[in-house]
Amino acid sequence: MPSERQKKRAIAEGVRALRDRPGWDPRRFQAESRTERVKRSLEDARVSEALSDADQCPACKELRDQGDAGALCQEHLREAMGLGTAVTGK
């Protein structure tokens, strides 16, 4: 049966090993700024809208029928990447 000292040493070694992994050290953690959260939220909304529009797009459907379930036409790909907006029938 390990002594208390050995238990503490084993725990300390485990904690040290975890903190050596990227992203596991709470002392190095930096919370996302409000600006970053807003940017991420806008990006998520843009991608979601592009994918939703792509579901109605004949060109995207044609590409998807060729075997790639996530394929997008050039216009919707540009929109999803933030390089422009797709031309839709809205």
# chains A, B, ... in the order shown; residues from 1 in each chain; ligands from 1

$ select_by_dssp --residues "chain A" --states "alpha helix (DSSP H)" --output "mmCIF file with C-alpha atoms, in the first residue's frame"
data_model
loop_
_atom_site.group_PDB
_atom_site.id
_atom_site.type_symbol
_atom_site.label_atom_id
_atom_site.label_comp_id
_atom_site.auth_asym_id
_atom_site.auth_seq_id
_atom_site.Cartn_x
_atom_site.Cartn_y
_atom_site.Cartn_z
ATOM 1 C CA GLU A 4 0.605 9.374 1.704
ATOM 2 C CA ARG A 5 3.822 10.899 0.336
ATOM 3 C CA GLN A 6 3.803 8.487 -2.616
ATOM 4 C CA LYS A 7 0.132 9.250 -3.308
ATOM 5 C CA LYS A 8 0.797 12.995 -3.306
ATOM 6 C CA ARG A 9 3.810 12.541 -5.569
ATOM 7 C CA ALA A 10 1.779 10.444 -8.036
ATOM 8 C CA ILE A 11 -0.980 13.073 -8.091
ATOM 9 C CA ALA A 12 1.532 15.890 -8.580
ATOM 10 C CA GLU A 13 3.144 14.012 -11.480
ATOM 11 C CA GLY A 14 -0.261 13.458 -13.095
ATOM 12 C CA VAL A 15 -1.166 17.140 -12.730
ATOM 13 C CA ARG A 16 2.214 18.145 -14.186
ATOM 14 C CA ALA A 17 1.698 15.793 -17.142
ATOM 15 C CA LEU A 18 -1.738 17.301 -17.827
ATOM 16 C CA ARG A 19 -0.451 20.870 -17.600
ATOM 17 C CA ASP A 20 2.269 20.032 -20.111
ATOM 18 C CA ARG A 34 -16.242 39.764 -26.238
ATOM 19 C CA THR A 35 -15.066 40.869 -29.693
ATOM 20 C CA GLU A 36 -13.888 37.355 -30.532
ATOM 21 C CA ARG A 37 -17.202 35.885 -29.363
ATOM 22 C CA VAL A 38 -19.130 38.323 -31.572
ATOM 23 C CA LYS A 39 -16.883 37.579 -34.564
ATOM 24 C CA ARG A 40 -17.314 33.835 -34.050
ATOM 25 C CA SER A 41 -21.076 34.223 -33.690
ATOM 26 C CA LEU A 42 -21.318 36.252 -36.912
ATOM 27 C CA GLU A 43 -19.150 33.725 -38.732
ATOM 28 C CA ASP A 44 -21.304 30.844 -37.493
ATOM 29 C CA ALA A 45 -24.444 32.671 -38.655
ATOM 30 C CA ARG A 46 -22.897 33.392 -42.074
ATOM 31 C CA VAL A 47 -21.898 29.757 -42.587
ATOM 32 C CA SER A 48 -25.275 28.523 -41.376
ATOM 33 C CA GLU A 49 -27.084 30.840 -43.793
ATOM 34 C CA ALA A 50 -24.843 29.785 -46.697
ATOM 35 C CA LEU A 51 -25.497 26.112 -45.977
ATOM 36 C CA SER A 52 -29.216 26.730 -45.661
ATOM 37 C CA ASP A 53 -29.267 28.585 -48.992
ATOM 38 C CA ALA A 54 -27.174 25.818 -50.564
ATOM 39 C CA PRO A 58 -29.670 23.502 -58.015
ATOM 40 C CA ALA A 59 -25.908 23.803 -58.638
ATOM 41 C CA CYS A 60 -25.105 22.619 -55.096
ATOM 42 C CA LYS A 61 -27.599 19.766 -55.449
ATOM 43 C CA GLU A 62 -25.961 18.695 -58.708
ATOM 44 C CA LEU A 63 -22.524 18.629 -57.056
ATOM 45 C CA ARG A 64 -23.886 16.682 -54.093
ATOM 46 C CA ASP A 65 -25.519 14.152 -56.414
ATOM 47 C CA GLN A 74 -18.685 28.381 -56.183
ATOM 48 C CA GLU A 75 -21.113 31.095 -55.050
ATOM 49 C CA HIS A 76 -22.129 29.370 -51.819
ATOM 50 C CA LEU A 77 -18.551 28.346 -51.093
ATOM 51 C CA ARG A 78 -17.490 31.991 -51.388
ATOM 52 C CA GLU A 79 -20.353 33.026 -49.111
ATOM 53 C CA ALA A 80 -19.500 30.390 -46.494
ATOM 54 C CA MET A 81 -15.852 31.461 -46.535
#

$ atom_distance --atom1 "atom CA of Met1 of chain A" --atom2 "atom CA of Arg21 of chain A"
29.7 Å

$ atom_distance --atom1 "atom CA of Asp68 of chain A" --atom2 "atom CA of Asp55 of chain A"
13.5 Å

$ atom_distance --atom1 "atom CA of Leu72 of chain A" --atom2 "atom CA of Gln56 of chain A"
11.2 Å
